[in-house]
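The structure file upload30.txt is reproduced below (compact mmCIF, C-alpha atoms and all ligand atoms).
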# COMPACT_ATOMS: atom_id res chain seq x y z
CA MET A 140 48.54 110.55 41.09
CA MET A 141 50.48 110.61 37.86
CA ARG A 142 50.94 113.97 36.16
CA LEU A 143 49.45 113.03 32.77
CA ASP A 144 46.94 110.45 33.92
CA GLY A 145 44.51 109.59 31.09
CA GLN A 146 45.94 112.14 28.67
CA VAL A 147 46.90 111.57 25.04
CA ALA A 148 50.18 112.99 23.72
CA LEU A 149 51.56 113.19 20.19
CA VAL A 150 55.36 113.47 20.01
CA THR A 151 56.95 114.10 16.62
CA GLY A 152 60.44 112.77 15.89
CA ALA A 153 60.19 110.30 18.77
CA SER A 154 62.37 107.48 17.42
CA LYS A 155 65.42 108.86 19.25
CA GLY A 156 66.90 111.73 21.24
CA PHE A 157 64.65 114.13 23.14
CA GLY A 158 61.47 112.84 21.48
CA ARG A 159 62.12 109.29 22.66
CA SER A 160 62.88 110.36 26.25
CA THR A 161 59.82 112.61 26.29
CA ALA A 162 57.46 109.91 25.00
CA LEU A 163 58.74 107.44 27.62
CA LEU A 164 58.50 109.93 30.48
CA PHE A 165 54.99 110.95 29.44
CA ALA A 166 53.96 107.27 29.42
CA GLN A 167 55.49 106.79 32.88
CA GLU A 168 53.32 109.71 34.00
CA GLY A 169 50.15 108.06 32.70
CA ALA A 170 49.79 109.27 29.10
CA ASP A 171 48.95 107.23 26.02
CA VAL A 172 51.33 108.30 23.28
CA ILE A 173 51.46 108.53 19.52
CA ILE A 174 55.08 108.48 18.44
CA ASN A 175 56.03 109.81 15.04
CA TYR A 176 59.22 109.03 13.16
CA ARG A 177 60.47 109.51 9.62
CA SER A 178 62.96 106.73 8.90
CA SER A 179 63.93 104.88 12.12
CA GLY A 180 61.14 102.30 12.09
CA GLU A 181 63.01 99.73 14.15
CA GLU A 182 63.74 102.21 16.97
CA ALA A 183 60.10 103.35 16.89
CA ALA A 184 58.85 99.76 17.18
CA LYS A 185 61.14 99.19 20.21
CA LEU A 186 59.76 102.33 21.85
CA VAL A 187 56.17 101.16 21.30
CA ALA A 188 57.02 97.93 23.13
CA GLU A 189 58.66 99.87 25.99
CA VAL A 190 55.64 102.14 26.40
CA GLU A 191 53.27 99.17 26.33
CA ARG A 192 55.34 97.48 29.05
CA LEU A 193 54.52 100.53 31.18
CA GLY A 194 50.84 99.68 30.73
CA ARG A 195 50.08 102.57 28.37
CA ARG A 196 48.75 102.49 24.83
CA CYS A 197 51.13 103.51 22.05
CA VAL A 198 51.11 103.67 18.28
CA ALA A 199 53.99 104.57 15.98
CA VAL A 200 53.15 106.54 12.85
CA GLN A 201 55.64 107.02 10.04
CA ALA A 202 55.30 110.50 8.53
CA ASP A 203 57.53 113.26 7.23
CA VAL A 204 56.22 116.29 9.15
CA SER A 205 57.60 118.64 6.49
CA ASP A 206 54.98 117.32 4.06
CA GLU A 207 51.54 118.85 4.66
CA GLY A 208 49.62 115.75 3.56
CA GLN A 209 51.73 113.41 5.72
CA ALA A 210 51.46 115.75 8.71
CA SER A 211 47.68 115.83 8.50
CA ARG A 212 47.51 112.04 8.03
CA LEU A 213 49.68 111.71 11.15
CA VAL A 214 47.14 113.69 13.16
CA GLU A 215 44.22 111.74 11.63
CA SER A 216 45.91 108.46 12.63
CA ALA A 217 46.45 109.77 16.16
CA ILE A 218 42.81 110.75 16.51
CA ALA A 219 41.66 107.46 14.97
CA ALA A 220 43.76 105.59 17.54
CA PHE A 221 42.95 107.48 20.74
CA GLY A 222 40.14 109.92 19.92
CA ARG A 223 41.89 113.13 20.87
CA ILE A 224 45.22 114.90 21.46
CA ASP A 225 45.75 116.73 24.77
CA VAL A 226 49.45 117.41 24.33
CA LEU A 227 51.44 118.02 21.14
CA VAL A 228 55.23 118.05 21.27
CA ASN A 229 56.69 119.46 18.05
CA ASN A 230 60.11 117.90 18.47
CA ALA A 231 61.21 116.58 15.03
CA GLY A 232 64.13 118.61 13.75
CA VAL A 233 67.22 118.52 11.57
CA MET A 234 70.48 120.44 11.62
CA GLU A 235 73.43 120.99 9.28
CA VAL A 236 76.50 122.61 10.81
CA LYS A 237 78.52 124.48 8.19
CA PRO A 238 79.85 127.97 7.45
CA PHE A 239 76.99 129.91 5.87
CA ALA A 240 78.91 130.54 2.64
CA GLU A 241 79.50 126.81 2.13
CA GLN A 242 75.93 125.75 2.78
CA THR A 243 73.66 125.01 -0.19
CA PRO A 244 70.15 126.40 -0.59
CA ALA A 245 68.96 122.78 -0.62
CA ALA A 246 70.33 122.38 2.92
CA TRP A 247 68.56 125.61 4.00
CA GLU A 248 65.35 124.30 2.51
CA ALA A 249 65.65 120.98 4.35
CA MET A 250 66.08 122.75 7.73
CA ILE A 251 63.32 125.27 7.05
CA ALA A 252 60.98 122.49 5.86
CA VAL A 253 61.37 120.27 8.94
CA ASN A 254 62.06 122.83 11.69
CA ILE A 255 59.55 125.48 10.58
CA PHE A 256 56.94 123.93 8.29
CA GLY A 257 56.90 120.71 10.37
CA PRO A 258 55.48 122.32 13.52
CA LEU A 259 53.22 124.57 11.43
CA TYR A 260 51.61 121.68 9.54
CA VAL A 261 51.17 119.43 12.57
CA THR A 262 49.81 122.27 14.72
CA ARG A 263 47.43 123.35 11.96
CA ALA A 264 45.99 119.84 11.91
CA VAL A 265 45.76 119.51 15.71
CA LEU A 266 44.35 122.94 16.59
CA PRO A 267 40.70 122.61 15.44
CA LEU A 268 40.14 119.67 17.79
CA MET A 269 41.89 121.40 20.70
CA ILE A 270 39.80 124.52 20.10
CA GLU A 271 36.63 122.43 20.00
CA ARG A 272 37.57 120.80 23.32
CA GLY A 273 38.72 124.10 24.83
CA ARG A 274 42.00 122.66 26.06
CA GLY A 275 45.48 121.62 24.98
CA SER A 276 49.18 122.11 25.54
CA ILE A 277 51.55 122.59 22.61
CA ILE A 278 55.29 122.36 23.24
CA ASN A 279 57.73 123.42 20.54
CA LEU A 280 61.40 122.41 20.57
CA ALA A 281 63.45 125.50 19.85
CA SER A 282 67.14 125.81 20.87
CA GLN A 283 69.47 128.07 22.83
CA LEU A 284 70.81 129.00 19.38
CA GLY A 285 67.43 130.59 18.68
CA HIS A 286 68.30 133.15 21.41
CA VAL A 287 72.01 133.72 20.88
CA GLY A 288 72.89 132.28 17.44
CA GLY A 289 76.03 130.32 16.73
CA GLU A 290 78.95 130.33 14.33
CA ASN A 291 78.26 127.76 11.55
CA PHE A 292 74.61 127.55 12.64
CA ALA A 293 73.14 130.58 10.83
CA VAL A 294 70.16 128.97 9.15
CA TYR A 295 69.48 126.36 11.85
CA SER A 296 69.52 129.14 14.49
CA GLY A 297 67.20 131.16 12.26
CA THR A 298 64.68 128.33 12.17
CA LYS A 299 64.75 128.13 15.97
CA GLY A 300 64.40 131.92 16.31
CA PHE A 301 61.29 131.54 14.18
CA VAL A 302 59.96 128.85 16.53
CA LEU A 303 60.41 131.17 19.53
CA ALA A 304 58.62 134.19 18.02
CA TYR A 305 55.91 131.97 16.55
CA THR A 306 55.36 130.27 19.93
CA LYS A 307 54.73 133.64 21.61
CA SER A 308 52.38 134.87 18.91
CA LEU A 309 50.35 131.67 18.69
CA ALA A 310 50.13 131.59 22.50
CA ARG A 311 48.42 135.01 22.44
CA GLU A 312 46.04 133.86 19.74
CA VAL A 313 44.89 130.53 21.17
CA GLY A 314 45.10 131.35 24.90
CA PRO A 315 41.42 132.41 24.97
CA HIS A 316 40.54 128.88 23.79
CA GLY A 317 42.28 127.30 26.79
CA ILE A 318 45.29 126.22 24.76
CA ARG A 319 48.81 126.89 25.99
CA VAL A 320 51.83 127.14 23.68
CA ASN A 321 55.35 127.05 25.11
CA ALA A 322 58.86 126.22 23.98
CA VAL A 323 61.84 124.34 25.36
CA CYS A 324 65.30 125.61 24.43
CA PRO A 325 67.93 122.93 24.98
CA GLY A 326 71.69 123.35 24.71
CA SER A 327 74.81 121.27 25.42
CA ILE A 328 73.03 117.92 25.42
CA VAL A 329 74.47 115.16 23.26
CA THR A 330 72.17 113.23 20.91
CA ASP A 331 72.67 111.76 17.42
CA MET A 332 72.01 115.25 16.07
CA ASN A 333 75.12 116.86 17.53
CA LEU A 334 77.48 113.97 18.32
CA SER A 335 79.78 115.20 15.54
CA ILE A 336 80.20 118.58 17.28
CA PHE A 337 80.47 117.04 20.74
CA PRO A 338 82.53 113.84 20.24
CA PRO A 339 83.32 112.07 23.54
CA ASP A 340 86.82 113.64 23.81
CA ARG A 341 85.34 117.17 23.50
CA GLN A 342 82.51 116.71 26.01
CA ALA A 343 84.62 117.13 29.18
CA GLN A 344 86.05 120.41 27.90
CA LYS A 345 82.62 121.67 26.86
CA ALA A 346 81.29 120.79 30.31
CA GLN A 347 83.95 123.00 31.93
CA GLU A 348 82.56 126.00 29.97
CA LEU A 349 79.13 125.59 31.61
CA PRO A 350 78.20 127.03 35.03
CA LEU A 351 76.97 123.56 36.08
CA ARG A 352 80.20 121.91 34.80
CA HIS A 353 78.46 118.96 33.20
CA MET A 354 76.62 118.19 29.97
CA GLY A 355 72.89 117.55 29.99
CA ASP A 356 70.86 114.44 29.34
CA PRO A 357 67.84 114.02 26.99
CA LEU A 358 65.77 113.34 30.11
CA ASP A 359 66.47 116.91 31.28
CA VAL A 360 64.54 118.12 28.24
CA ALA A 361 61.81 115.54 28.77
CA TYR A 362 61.22 116.82 32.34
CA ALA A 363 60.83 120.39 31.04
CA ALA A 364 58.31 119.15 28.46
CA LEU A 365 56.51 117.19 31.19
CA TYR A 366 56.13 120.33 33.29
CA LEU A 367 54.77 122.27 30.29
CA ALA A 368 52.36 119.43 29.48
CA ALA A 369 51.06 119.02 33.02
CA GLU A 370 48.52 120.90 35.08
CA GLU A 371 51.30 122.42 37.24
CA SER A 372 52.12 124.87 34.42
CA LYS A 373 48.49 125.90 33.84
CA PHE A 374 49.33 129.61 34.20
CA MET A 375 52.27 129.48 31.74
CA THR A 376 52.00 130.27 28.07
CA GLY A 377 54.22 131.89 25.44
CA GLN A 378 57.31 131.06 27.49
CA CYS A 379 60.58 129.33 26.77
CA VAL A 380 62.18 127.00 29.30
CA ASP A 381 65.97 127.04 28.81
CA VAL A 382 67.62 123.70 29.62
CA ASN A 383 71.30 124.32 28.97
CA GLY A 384 73.43 124.03 32.13
CA GLY A 385 73.33 127.80 32.50
CA SER A 386 75.22 128.54 29.28
CA THR A 387 72.88 131.42 28.39
CA MET A 388 71.17 133.76 30.82
CA ALA A 389 69.27 136.83 29.78
P1 LIG B 1 67.85 113.52 16.98
O1 LIG B 1 68.40 112.65 18.03
O2 LIG B 1 68.61 113.72 15.71
O3 LIG B 1 66.37 113.01 16.63
C1 LIG B 1 65.62 113.68 15.67
C2 LIG B 1 64.27 113.02 15.55
O4 LIG B 1 63.51 113.76 14.58
C3 LIG B 1 64.37 111.60 15.03
O5 LIG B 1 63.41 110.82 15.71
C4 LIG B 1 63.99 111.74 13.55
O6 LIG B 1 63.31 110.59 13.06
C5 LIG B 1 63.00 112.87 13.61
N1 LIG B 1 62.82 113.56 12.34
C6 LIG B 1 63.74 114.26 11.62
N2 LIG B 1 63.18 114.76 10.52
C7 LIG B 1 61.87 114.38 10.54
C8 LIG B 1 60.76 114.60 9.69
N3 LIG B 1 60.87 115.32 8.56
N4 LIG B 1 59.55 114.07 10.03
C9 LIG B 1 59.43 113.34 11.15
N5 LIG B 1 60.44 113.10 12.01
C10 LIG B 1 61.64 113.61 11.70
O7 LIG B 1 67.58 115.01 17.51
P2 LIG B 1 67.41 115.61 19.00
O8 LIG B 1 68.75 116.13 19.42
O9 LIG B 1 66.65 114.70 19.87
O10 LIG B 1 66.55 116.91 18.66
C11 LIG B 1 65.15 117.01 18.90
C12 LIG B 1 64.75 118.47 18.77
O11 LIG B 1 65.48 119.27 19.69
C13 LIG B 1 65.01 119.07 17.39
O12 LIG B 1 63.98 119.95 17.05
C14 LIG B 1 66.32 119.83 17.60
O13 LIG B 1 66.47 120.85 16.66
C15 LIG B 1 66.14 120.32 19.01
N6 LIG B 1 67.40 120.65 19.70
C16 LIG B 1 68.36 119.72 19.92
C17 LIG B 1 69.51 120.10 20.64
C18 LIG B 1 70.59 119.13 21.01
O14 LIG B 1 71.48 119.55 21.75
N7 LIG B 1 70.55 117.88 20.58
C19 LIG B 1 69.65 121.40 21.11
C20 LIG B 1 68.66 122.30 20.85
C21 LIG B 1 67.53 121.92 20.17
P3 LIG B 1 64.03 109.45 12.16
O15 LIG B 1 65.34 109.11 12.80
O16 LIG B 1 63.03 108.35 12.21
O17 LIG B 1 64.19 110.03 10.80
Once more with this new file: its structure as structure tokens, please.
Amino acid sequence: MMRLDGQVALVTGASKGFGRSTALLFAQEGADVIINYRSSGEEAAKLVAEVERLGRRCVAVQADVSDEGQASRLVESAIAAFGRIDVLVNNAGVMEVKPFAEQTPAAWEAMIAVNIFGPLYVTRAVLPLMIERGRGSIINLASQLGHVGGENFAVYSGTKGFVLAYTKSLAREVGPHGIRVNAVCPGSIVTDMNLSIFPPDRQAQKAQELPLRHMGDPLDVAYAALYLAAEESKFMTGQCVDVNGGSTMA
């Protein structure tokens, strides 16, 4: 039996990185998936074909999740395609790495818009249907930086700290409706987002700083999301799963 047999999952920011791996893994585990992207249409189209080769249904929807109207149209398209959403993965995110004093308010706004308002708008649109059906799993991508902060990451870390506190509070609120809300906090995993901080010649050294002595893989995050989406985690809500090679422990 596949873990997500017959379920419908919406993954935001699924054209690459963690979102892409998560959408593929969910499809392998039996889910139909709606993949959202903002600008990488070609990558999204390739992913649709890959999911369909697995025998699952998939639609790609272009939408900027930081825009309320586009976020609600994304959810409407998902429901029009597959009738419901069992699992929402709020994964789309952006990051600028810079000393705080050199960062512009426009850059703060861009991170706050996508990393904070993005999950808020999409969740706001998804919740009524989940409440009506009395079930759902919402998974928010935070970051290890949301726990411990990071030099040159002040505002990005702040957005992820928001996601953590918000996850816990919303989990308390919607738990009585049968809806679970959890977070995944990745760290030390190379994607397009952080390749400039972890260029290939820096990765071996970074790995030596981790208890597990190797960097992670986007699939490591996808497996954490799969667990939080599936029935196996039915007694978990308001939690954060840290996937970071052991770099933070508290
Ligand atoms: P990534 O490879 O840069 O991919 C980001 C994805 O988000 C892309 O598919 C991008 O779509 C999409 N996106 C960005 N802005 C969007 C918007 N306004 N509306 C819709 N989609 C948007 O990033 P990643 O490393 O996989 O990160 C995924 C999540 O994990 C993010 O929330 C990030 O903050 C978090 N995270 C990452 C790390 C890490 O080590 N990489 C660590 C901790 C947390 P387009 O390309 O189509 O624009």
Could you list, as an NGL selection string, every residue within 10 Å of Gly326 (chain A), counting all atoms listed in the file and ignoring same-chain residues fewer than 2 positions away? :A and (281-284 or 323-324 or 328-329 or 354-355 or 360 or 381-387)
Prev. selection, C-alpha atoms, output as a compact mmCIF listing (two decimals), keeping the file's coordinate frame:
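The file below, part_10.txt, is the result:
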# COMPACT_ATOMS: atom_id res chain seq x y z
CA ALA A 281 63.45 125.50 19.85
CA SER A 282 67.14 125.81 20.87
CA GLN A 283 69.47 128.07 22.83
CA LEU A 284 70.81 129.00 19.38
CA VAL A 323 61.84 124.34 25.36
CA CYS A 324 65.30 125.61 24.43
CA ILE A 328 73.03 117.92 25.42
CA VAL A 329 74.47 115.16 23.26
CA MET A 354 76.62 118.19 29.97
CA GLY A 355 72.89 117.55 29.99
CA VAL A 360 64.54 118.12 28.24
CA ASP A 381 65.97 127.04 28.81
CA VAL A 382 67.62 123.70 29.62
CA ASN A 383 71.30 124.32 28.97
CA GLY A 384 73.43 124.03 32.13
CA GLY A 385 73.33 127.80 32.50
CA SER A 386 75.22 128.54 29.28
CA THR A 387 72.88 131.42 28.39
Around ligand LIG 1 (chain B), out to 6 Å and counting all atoms listed in the file, which residues are there? I want them as a PDB file with C-alpha atoms, keeping the file's coordinate frame.
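Once written, pocket.pdb looks like this:
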ATOM      1  CA  THR A 151      56.950 114.100  16.620  1.00  0.00           C
ATOM      2  CA  GLY A 152      60.440 112.770  15.890  1.00  0.00           C
ATOM      3  CA  ALA A 153      60.190 110.300  18.770  1.00  0.00           C
ATOM      4  CA  SER A 154      62.370 107.480  17.420  1.00  0.00           C
ATOM      5  CA  LYS A 155      65.420 108.860  19.250  1.00  0.00           C
ATOM      6  CA  GLY A 156      66.900 111.730  21.240  1.00  0.00           C
ATOM      7  CA  PHE A 157      64.650 114.130  23.140  1.00  0.00           C
ATOM      8  CA  GLY A 158      61.470 112.840  21.480  1.00  0.00           C
ATOM      9  CA  TYR A 176      59.220 109.030  13.160  1.00  0.00           C
ATOM     10  CA  ARG A 177      60.470 109.510   9.620  1.00  0.00           C
ATOM     11  CA  SER A 178      62.960 106.730   8.900  1.00  0.00           C
ATOM     12  CA  SER A 179      63.930 104.880  12.120  1.00  0.00           C
ATOM     13  CA  ALA A 202      55.300 110.500   8.530  1.00  0.00           C
ATOM     14  CA  ASP A 203      57.530 113.260   7.230  1.00  0.00           C
ATOM     15  CA  VAL A 204      56.220 116.290   9.150  1.00  0.00           C
ATOM     16  CA  SER A 205      57.600 118.640   6.490  1.00  0.00           C
ATOM     17  CA  ASN A 230      60.110 117.900  18.470  1.00  0.00           C
ATOM     18  CA  ALA A 231      61.210 116.580  15.030  1.00  0.00           C
ATOM     19  CA  GLY A 232      64.130 118.610  13.750  1.00  0.00           C
ATOM     20  CA  VAL A 233      67.220 118.520  11.570  1.00  0.00           C
ATOM     21  CA  VAL A 253      61.370 120.270   8.940  1.00  0.00           C
ATOM     22  CA  LEU A 280      61.400 122.410  20.570  1.00  0.00           C
ATOM     23  CA  ALA A 281      63.450 125.500  19.850  1.00  0.00           C
ATOM     24  CA  SER A 282      67.140 125.810  20.870  1.00  0.00           C
ATOM     25  CA  CYS A 324      65.300 125.610  24.430  1.00  0.00           C
ATOM     26  CA  PRO A 325      67.930 122.930  24.980  1.00  0.00           C
ATOM     27  CA  GLY A 326      71.690 123.350  24.710  1.00  0.00           C
ATOM     28  CA  SER A 327      74.810 121.270  25.420  1.00  0.00           C
ATOM     29  CA  ILE A 328      73.030 117.920  25.420  1.00  0.00           C
ATOM     30  CA  VAL A 329      74.470 115.160  23.260  1.00  0.00           C
ATOM     31  CA  THR A 330      72.170 113.230  20.910  1.00  0.00           C
ATOM     32  CA  ASP A 331      72.670 111.760  17.420  1.00  0.00           C
ATOM     33  CA  MET A 332      72.010 115.250  16.070  1.00  0.00           C
ATOM     34  CA  ASN A 333      75.120 116.860  17.530  1.00  0.00           C
TER      35      ASN A 333
END
Which is closer to Gly208 (chain A) than all the others in A:Leu143, A:Gly257, A:Leu365, A:Met388, using only C-alpha atoms?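 Checking each candidate against Gly208 (chain A), we get A:Gly257 as the closest.
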What's the 10 Å shell around Ser308 (chain A), counting only C-alpha atoms, without same-chain residues fewer than 5 positions away, as a compact mmCIF listing (two decimals) with C-alpha atoms, in the frame of the given file?
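Done, and the output landed in part_26.txt:
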# COMPACT_ATOMS: atom_id res chain seq x y z
CA VAL A 302 59.96 128.85 16.53
CA LEU A 303 60.41 131.17 19.53
CA VAL A 313 44.89 130.53 21.17
CA VAL A 320 51.83 127.14 23.68
CA GLY A 377 54.22 131.89 25.44
Contacts of region 191-200 of chain A at 8 Å (all atoms listed in the file; same-chain gap of 2+ positions) as a VMD selection string: chain A and resid 166 to 167 169 to 176 183 to 184 187 to 189 202 213 216 to 217 220
Nearest residue to Ala389 (chain A) out of A:Pro339, A:Lys237, A:Gly314, A:His286, using all atoms listed in the file?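 Checking each candidate against Ala389 (chain A), we get A:His286 as the closest.
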Please, what distance in Å, to one decimal, runs between CA of Ala369 (chain A) and CA of Asn279 (chain A)?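 Here the two named atoms are 14.8 Å from each other.
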Mind pulling up the distance from CA of Thr376 (chain A) to CA of Met234 (chain A)? 26.6 Å
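Minimum atom-to-atom distances from A:Leu163, A:Val294, A:Ala264, A:Ala249 to Pro357 (chain A) were compared using only C-alpha atoms, and the lowest value belongs to A:Leu163.
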Atom pair CA of Glu241 (chain A) / CA of Ile255 (chain A): separation (Å):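 According to the coordinates, CA of Glu241 (chain A) and CA of Ile255 (chain A) are separated by 21.7 Å.
With only C-alpha atoms as the atoms that count, the residue of A:Ala210, A:Gln146, A:Tyr305, A:Arg159 with the shortest distance to Ala361 (chain A) is A:Arg159.
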Any chance you could work out the axis-aligned box around region 184-187 of chain A, listed atoms only, 6 Å on each side, giving centre and edge lengths in Å to one decimal, as lines of an AutoDock Vina configuration file?
center_x = 58.7
center_y = 100.8
center_z = 19.5
size_x = 17.0
size_y = 15.1
size_z = 16.7
Export region 324-356 of chain A of the preceding structure, keeping C-alpha atoms, as an mmCIF file, in the first residue's frame.
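The result, stored in out-v9.cif:
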data_model
loop_
_atom_site.group_PDB
_atom_site.id
_atom_site.type_symbol
_atom_site.label_atom_id
_atom_site.label_comp_id
_atom_site.auth_asym_id
_atom_site.auth_seq_id
_atom_site.Cartn_x
_atom_site.Cartn_y
_atom_site.Cartn_z
ATOM 1 C CA CYS A 324 13.412 22.886 9.036
ATOM 2 C CA PRO A 325 16.141 22.037 6.538
ATOM 3 C CA GLY A 326 19.787 23.046 6.738
ATOM 4 C CA SER A 327 23.016 22.297 4.848
ATOM 5 C CA ILE A 328 21.320 21.032 1.700
ATOM 6 C CA VAL A 329 22.413 22.502 -1.615
ATOM 7 C CA THR A 330 19.774 23.772 -4.056
ATOM 8 C CA ASP A 331 19.701 26.716 -6.489
ATOM 9 C CA MET A 332 18.761 28.895 -3.511
ATOM 10 C CA ASN A 333 22.048 28.507 -1.656
ATOM 11 C CA LEU A 334 24.553 27.328 -4.278
ATOM 12 C CA SER A 335 26.323 30.683 -3.982
ATOM 13 C CA ILE A 336 26.974 30.097 -0.257
ATOM 14 C CA PHE A 337 27.863 26.442 -0.740
ATOM 15 C CA PRO A 338 29.858 26.329 -4.022
ATOM 16 C CA PRO A 339 31.225 22.840 -4.785
ATOM 17 C CA ASP A 340 34.694 23.627 -3.326
ATOM 18 C CA ARG A 341 33.125 24.698 0.010
ATOM 19 C CA GLN A 342 30.781 21.721 0.394
ATOM 20 C CA ALA A 343 33.393 19.205 1.631
ATOM 21 C CA GLN A 344 34.531 21.609 4.354
ATOM 22 C CA LYS A 345 30.950 22.374 5.382
ATOM 23 C CA ALA A 346 30.248 18.649 5.574
ATOM 24 C CA GLN A 347 33.107 18.211 8.069
ATOM 25 C CA GLU A 348 31.357 20.686 10.418
ATOM 26 C CA LEU A 349 28.266 18.451 10.619
ATOM 27 C CA PRO A 350 27.911 15.487 13.013
ATOM 28 C CA LEU A 351 26.931 13.286 10.038
ATOM 29 C CA ARG A 352 29.922 14.555 7.981
ATOM 30 C CA HIS A 353 27.989 14.910 4.750
ATOM 31 C CA MET A 354 25.630 17.428 3.144
ATOM 32 C CA GLY A 355 21.965 16.589 2.670
ATOM 33 C CA ASP A 356 19.912 15.964 -0.424
#
